[in-house]
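Next up, run_36.cif (mmCIF, C-alpha atoms and all ligand atoms):
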data_protein
loop_
_atom_site.label_atom_id
_atom_site.label_comp_id
_atom_site.auth_asym_id
_atom_site.auth_seq_id
_atom_site.Cartn_x
_atom_site.Cartn_y
_atom_site.Cartn_z
CA MET K 1 29.04 42.94 63.45
CA PRO K 2 25.86 42.82 61.35
CA ARG K 3 25.60 40.17 58.68
CA ILE K 4 24.02 41.71 55.59
CA GLY K 5 22.79 39.53 52.75
CA VAL K 6 22.71 40.55 49.10
CA LEU K 7 20.01 38.83 47.07
CA SER K 8 22.09 37.02 44.47
CA LEU K 9 19.63 35.78 41.89
CA GLN K 10 20.43 38.31 39.18
CA GLY K 11 21.77 41.83 38.80
CA ASP K 12 24.71 43.81 40.14
CA VAL K 13 25.36 41.67 43.19
CA ALA K 14 29.15 41.98 43.30
CA GLU K 15 29.03 45.79 43.40
CA HIS K 16 26.75 45.78 46.45
CA ILE K 17 28.87 43.17 48.22
CA GLY K 18 31.94 45.27 47.48
CA ALA K 19 30.36 48.46 48.83
CA LEU K 20 29.25 46.71 52.04
CA GLU K 21 32.66 45.11 52.57
CA ARG K 22 34.28 48.53 52.34
CA LEU K 23 32.08 49.49 55.30
CA SER K 24 33.46 46.60 57.35
CA VAL K 25 30.29 44.55 57.60
CA THR K 26 29.94 40.88 56.74
CA ALA K 27 28.28 40.77 53.32
CA VAL K 28 27.04 37.43 52.06
CA PRO K 29 25.18 36.29 48.94
CA VAL K 30 21.63 35.03 49.52
CA ARG K 31 20.19 32.52 47.10
CA ARG K 32 18.40 30.01 49.35
CA PRO K 33 15.91 30.17 52.21
CA ALA K 34 18.56 28.82 54.63
CA GLU K 35 20.90 31.68 53.68
CA LEU K 36 18.11 34.24 54.13
CA ALA K 37 17.48 32.87 57.61
CA GLN K 38 21.08 33.67 58.58
CA VAL K 39 21.22 37.36 57.69
CA ASP K 40 20.22 40.39 59.76
CA ALA K 41 19.26 42.48 56.73
CA LEU K 42 19.03 42.22 52.95
CA VAL K 43 20.10 44.32 49.97
CA MET K 44 18.13 43.80 46.77
CA PRO K 45 20.28 44.84 43.80
CA GLY K 46 19.35 46.35 40.49
CA GLY K 47 18.84 44.13 37.49
CA GLU K 48 15.54 43.17 35.94
CA SER K 49 12.61 43.03 38.33
CA THR K 50 10.53 40.63 36.20
CA THR K 51 13.45 38.17 36.16
CA ILE K 52 14.15 38.62 39.87
CA SER K 53 10.45 38.01 40.55
CA LYS K 54 10.52 34.73 38.59
CA LEU K 55 13.71 33.60 40.27
CA LEU K 56 12.35 34.38 43.75
CA VAL K 57 9.52 31.96 42.99
CA ALA K 58 11.84 29.35 41.42
CA PHE K 59 14.24 29.45 44.38
CA ASP K 60 11.40 29.22 46.96
CA LEU K 61 12.43 32.57 48.37
CA LEU K 62 9.28 34.62 47.81
CA ALA K 63 7.29 33.46 50.85
CA PRO K 64 10.21 33.43 53.33
CA LEU K 65 11.34 36.86 52.13
CA ARG K 66 7.81 38.27 52.59
CA GLU K 67 7.79 36.77 56.09
CA ARG K 68 11.14 38.28 57.06
CA LEU K 69 10.10 41.70 55.75
CA ALA K 70 6.76 41.51 57.57
CA ALA K 71 8.71 40.68 60.75
CA GLY K 72 10.75 43.87 60.36
CA MET K 73 14.01 42.76 58.72
CA PRO K 74 15.82 45.86 57.41
CA ALA K 75 16.11 45.94 53.64
CA TYR K 76 17.46 48.22 50.96
CA GLY K 77 16.56 47.97 47.26
CA SER K 78 18.16 49.81 44.38
CA CYS K 79 16.39 50.17 41.03
CA ALA K 80 14.89 46.73 40.32
CA GLY K 81 15.19 46.18 44.09
CA MET K 82 13.07 49.29 44.66
CA ILE K 83 10.44 47.87 42.28
CA MET K 84 10.43 44.56 44.20
CA LEU K 85 9.87 46.34 47.54
CA ALA K 86 6.81 48.29 46.31
CA THR K 87 3.15 47.45 46.78
CA GLU K 88 2.21 48.21 43.17
CA VAL K 89 4.05 48.32 39.83
CA LEU K 90 2.90 50.28 36.78
CA ASP K 91 4.17 49.12 33.38
CA GLY K 92 5.19 45.84 34.96
CA ARG K 93 4.26 42.37 33.79
CA ASP K 94 0.95 40.92 34.89
CA ASP K 95 2.64 38.02 36.67
CA GLN K 96 5.28 40.19 38.36
CA GLU K 97 5.40 39.56 42.13
CA VAL K 98 6.04 42.34 44.64
CA LEU K 99 7.11 42.23 48.26
CA SER K 100 4.90 45.10 49.51
CA ALA K 101 7.48 46.26 52.06
CA ILE K 102 7.02 49.95 51.19
CA ASP K 103 3.54 51.34 50.56
CA MET K 104 4.20 52.92 47.17
CA THR K 105 3.33 52.67 43.51
CA VAL K 106 6.36 52.60 41.22
CA ARG K 107 6.51 53.00 37.47
CA ARG K 108 8.99 50.73 35.73
CA ASN K 109 11.31 52.23 33.09
CA ALA K 110 9.71 55.53 34.02
CA PHE K 111 12.27 57.83 32.44
CA GLY K 112 11.54 56.50 28.97
CA ARG K 113 13.62 55.19 26.15
CA GLN K 114 15.30 58.39 25.12
CA VAL K 115 16.93 58.67 28.51
CA ASP K 116 17.67 55.02 29.23
CA SER K 117 20.58 56.01 31.43
CA PHE K 118 21.66 59.30 32.90
CA GLU K 119 23.40 60.88 35.86
CA THR K 120 22.34 63.80 37.98
CA ASP K 121 22.89 65.23 41.46
CA VAL K 122 20.19 64.59 44.04
CA VAL K 123 20.00 65.99 47.56
CA LEU K 124 19.19 63.11 49.92
CA ASP K 125 17.46 63.84 53.20
CA GLY K 126 19.50 62.66 56.17
CA ILE K 127 22.67 62.17 54.10
CA ASP K 128 25.25 64.82 54.82
CA GLY K 129 28.14 65.92 52.69
CA GLY K 130 26.36 67.48 49.73
CA PRO K 131 24.27 66.16 46.84
CA PHE K 132 24.70 62.56 45.77
CA ARG K 133 25.83 61.79 42.22
CA THR K 134 23.11 59.42 41.06
CA VAL K 135 23.24 56.96 38.17
CA PHE K 136 19.89 55.91 36.68
CA ILE K 137 19.71 52.88 34.36
CA ARG K 138 16.22 52.18 32.96
CA ALA K 139 15.08 53.28 36.38
CA PRO K 140 11.68 53.49 38.02
CA TRP K 141 10.31 56.37 40.03
CA ALA K 142 7.65 56.34 42.74
CA GLU K 143 4.36 57.85 41.58
CA ARG K 144 2.56 57.49 44.90
CA VAL K 145 3.83 56.94 48.41
CA GLY K 146 1.69 56.00 51.41
CA ASP K 147 1.37 57.88 54.68
CA GLY K 148 4.20 56.15 56.54
CA VAL K 149 6.68 56.61 53.71
CA GLU K 150 9.33 59.29 53.89
CA VAL K 151 10.46 60.87 50.61
CA VAL K 152 14.26 61.02 50.86
CA GLY K 153 15.14 62.36 47.40
CA ARG K 154 13.59 63.87 44.30
CA ILE K 155 14.91 64.78 40.86
CA THR K 156 15.35 68.50 40.46
CA GLY K 157 15.13 70.14 37.06
CA GLY K 158 14.51 68.73 33.61
CA PRO K 159 11.44 66.83 32.42
CA ALA K 160 11.40 64.57 35.51
CA ASP K 161 11.52 67.50 37.95
CA GLY K 162 10.03 66.52 41.32
CA LYS K 163 9.92 62.77 40.69
CA ILE K 164 10.54 60.66 43.80
CA VAL K 165 13.70 58.56 43.52
CA ALA K 166 14.59 57.72 47.14
CA VAL K 167 12.28 56.65 49.96
CA ARG K 168 12.33 55.15 53.40
CA ALA K 169 9.64 53.40 55.40
CA GLY K 170 10.78 52.29 58.83
CA ASN K 171 13.67 49.88 58.33
CA VAL K 172 13.27 49.66 54.58
CA MET K 173 15.02 51.98 52.12
CA ALA K 174 14.84 52.17 48.35
CA THR K 175 16.54 54.20 45.64
CA ALA K 176 15.75 54.29 41.93
CA PHE K 177 19.45 54.91 41.27
CA HIS K 178 22.56 52.77 41.71
CA PRO K 179 24.85 54.05 44.50
CA GLU K 180 26.89 50.84 44.21
CA VAL K 181 28.42 51.98 40.93
CA THR K 182 29.66 55.39 42.03
CA GLY K 183 32.15 54.62 44.79
CA ASP K 184 30.26 57.02 47.08
CA LEU K 185 29.41 54.89 50.10
CA ARG K 186 27.02 57.28 51.85
CA VAL K 187 23.80 55.48 50.92
CA HIS K 188 25.19 52.09 51.93
CA ARG K 189 26.54 53.64 55.14
CA ALA K 190 23.06 55.00 55.93
CA PHE K 191 21.69 51.49 55.47
CA VAL K 192 24.38 49.92 57.65
CA ASP K 193 23.61 52.51 60.36
CA LEU K 194 19.92 51.68 60.05
CA VAL K 195 20.73 47.96 60.44
CA ARG K 196 22.94 48.62 63.47
CA ASN K 197 20.14 50.63 65.13
CA ALA K 198 17.36 48.20 64.20
N1 LIG B 1 14.12 48.35 34.32
C1 LIG B 1 14.51 47.36 35.30
C2 LIG B 1 13.30 46.63 35.83
O1 LIG B 1 12.23 46.86 35.43
C3 LIG B 1 15.29 47.96 36.42
C4 LIG B 1 16.62 48.47 35.93
C5 LIG B 1 17.73 48.39 36.91
O2 LIG B 1 17.64 47.76 37.96
N2 LIG B 1 18.83 49.00 36.54
O3 LIG B 1 13.45 45.79 36.66
#
Would you mind writing the file out in structure tokens?
Ligand code: GLN
Amino acid sequence: MPRIGVLSLQGDVAEHIGALERLSVTAVPVRRPAELAQVDALVMPGGESTTISKLLVAFDLLAPLRERLAAGMPAYGSCAGMIMLATEVLDGRDDQEVLSAIDMTVRRNAFGRQVDSFETDVVLDGIDGGPFRTVFIRAPWAERVGDGVEVVGRITGGPADGKIVAVRAGNVMATAFHPEVTGDLRVHRAFVDLVRNA
């Protein structure tokens, strides 16, 4: 049974652990390098990417996490986690660290103040069973994705029509939305399947 870590520095950790447990995998919090060394894969939750960046440095996790990702550890980031996995952040803080696991440029808080939070249906490539009800909370979007990056989902309709909100590059997935708050386990299941096949 795969052992999947959830980065537990800040953000909606419990929701991700709960979603993974419902899929019958071992889900464990990761806060220290020794804990990171013991997991097969890592979920990076939503929260505040500038804070998560600072805490990764403070907890001596930044370098070991970069190493694990470079060595091919499967990872999934939602919202702030998606920002952390990018190569470049627009509207970030100058000292904000990134993990460069997915060749993409993301814009923080991209949807703007007037639409801090919203829900919409998004069709996700490779996820059967109809559109996914997505919840966006001060979310980013991807403005550029590199050659090896698969666009899995885009907003349709409204002012953000066409914006990229779900991507995959090899063993690493990211969504700008929060599947852990909806009770729909399909995105987590896709990640667990990816981990099992990795
Ligand atoms: N706006 C947050 C950030 O910049 C992300 C929001 C979220 O994870 N819900 O990190």
Contact check, chain K to ligand LIG 1 (chain B), at most 8 Å, counting all atoms listed in the file, closest pairs as a tab-separated table:
residue	atom	partner	partner_atom	distance
K:Gly11	CA	B:LIG1	O2	7.3
K:Pro45	CA	B:LIG1	O2	7.0
K:Gly46	CA	B:LIG1	O2	3.4
K:Gly47	CA	B:LIG1	O2	3.9
K:Glu48	CA	B:LIG1	O3	3.4
K:Ser49	CA	B:LIG1	O3	3.3
K:Thr50	CA	B:LIG1	O3	5.9
K:Thr51	CA	B:LIG1	O3	7.6
K:Ile52	CA	B:LIG1	O3	7.9
K:Ser78	CA	B:LIG1	O2	6.8
K:Cys79	CA	B:LIG1	O2	4.1
K:Ala80	CA	B:LIG1	O2	3.8
K:Gly81	CA	B:LIG1	O2	6.8
K:Ile83	CA	B:LIG1	O3	6.7
K:Gly92	CA	B:LIG1	O1	7.1
K:Arg108	CA	B:LIG1	O1	5.1
K:Asn109	CA	B:LIG1	N1	4.9
K:Phe136	CA	B:LIG1	N2	7.0
K:Ile137	CA	B:LIG1	N2	4.5
K:Arg138	CA	B:LIG1	N1	4.6
K:Ala139	CA	B:LIG1	C4	5.1
K:Pro140	CA	B:LIG1	N1	6.8
K:Ala176	CA	B:LIG1	O2	7.9
K:Phe177	CA	B:LIG1	N2	7.6
K:His178	CA	B:LIG1	N2	7.4
Restricting the calculation to all atoms listed in the file: of K:Leu7, K:Val123, K:Leu69, K:Val98, which residue gets closest to Gly170 (chain K)?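 Closest candidate: K:Leu69.
Coordinates place CA of Leu194 (chain K) at a distance of 28.1 Å from CA of Val57 (chain K).
Comparing K:Ser8, K:Thr156, K:Thr134, K:Ser53 by their smallest distance to Leu36 (chain K), the closest is K:Ser8 (using only C-alpha atoms).
Here the question is which of K:Ile155, K:Ala142, K:Ala34, K:Val39 gets nearest to Pro74 (chain K) using all atoms listed in the file, and that residue is K:Val39.
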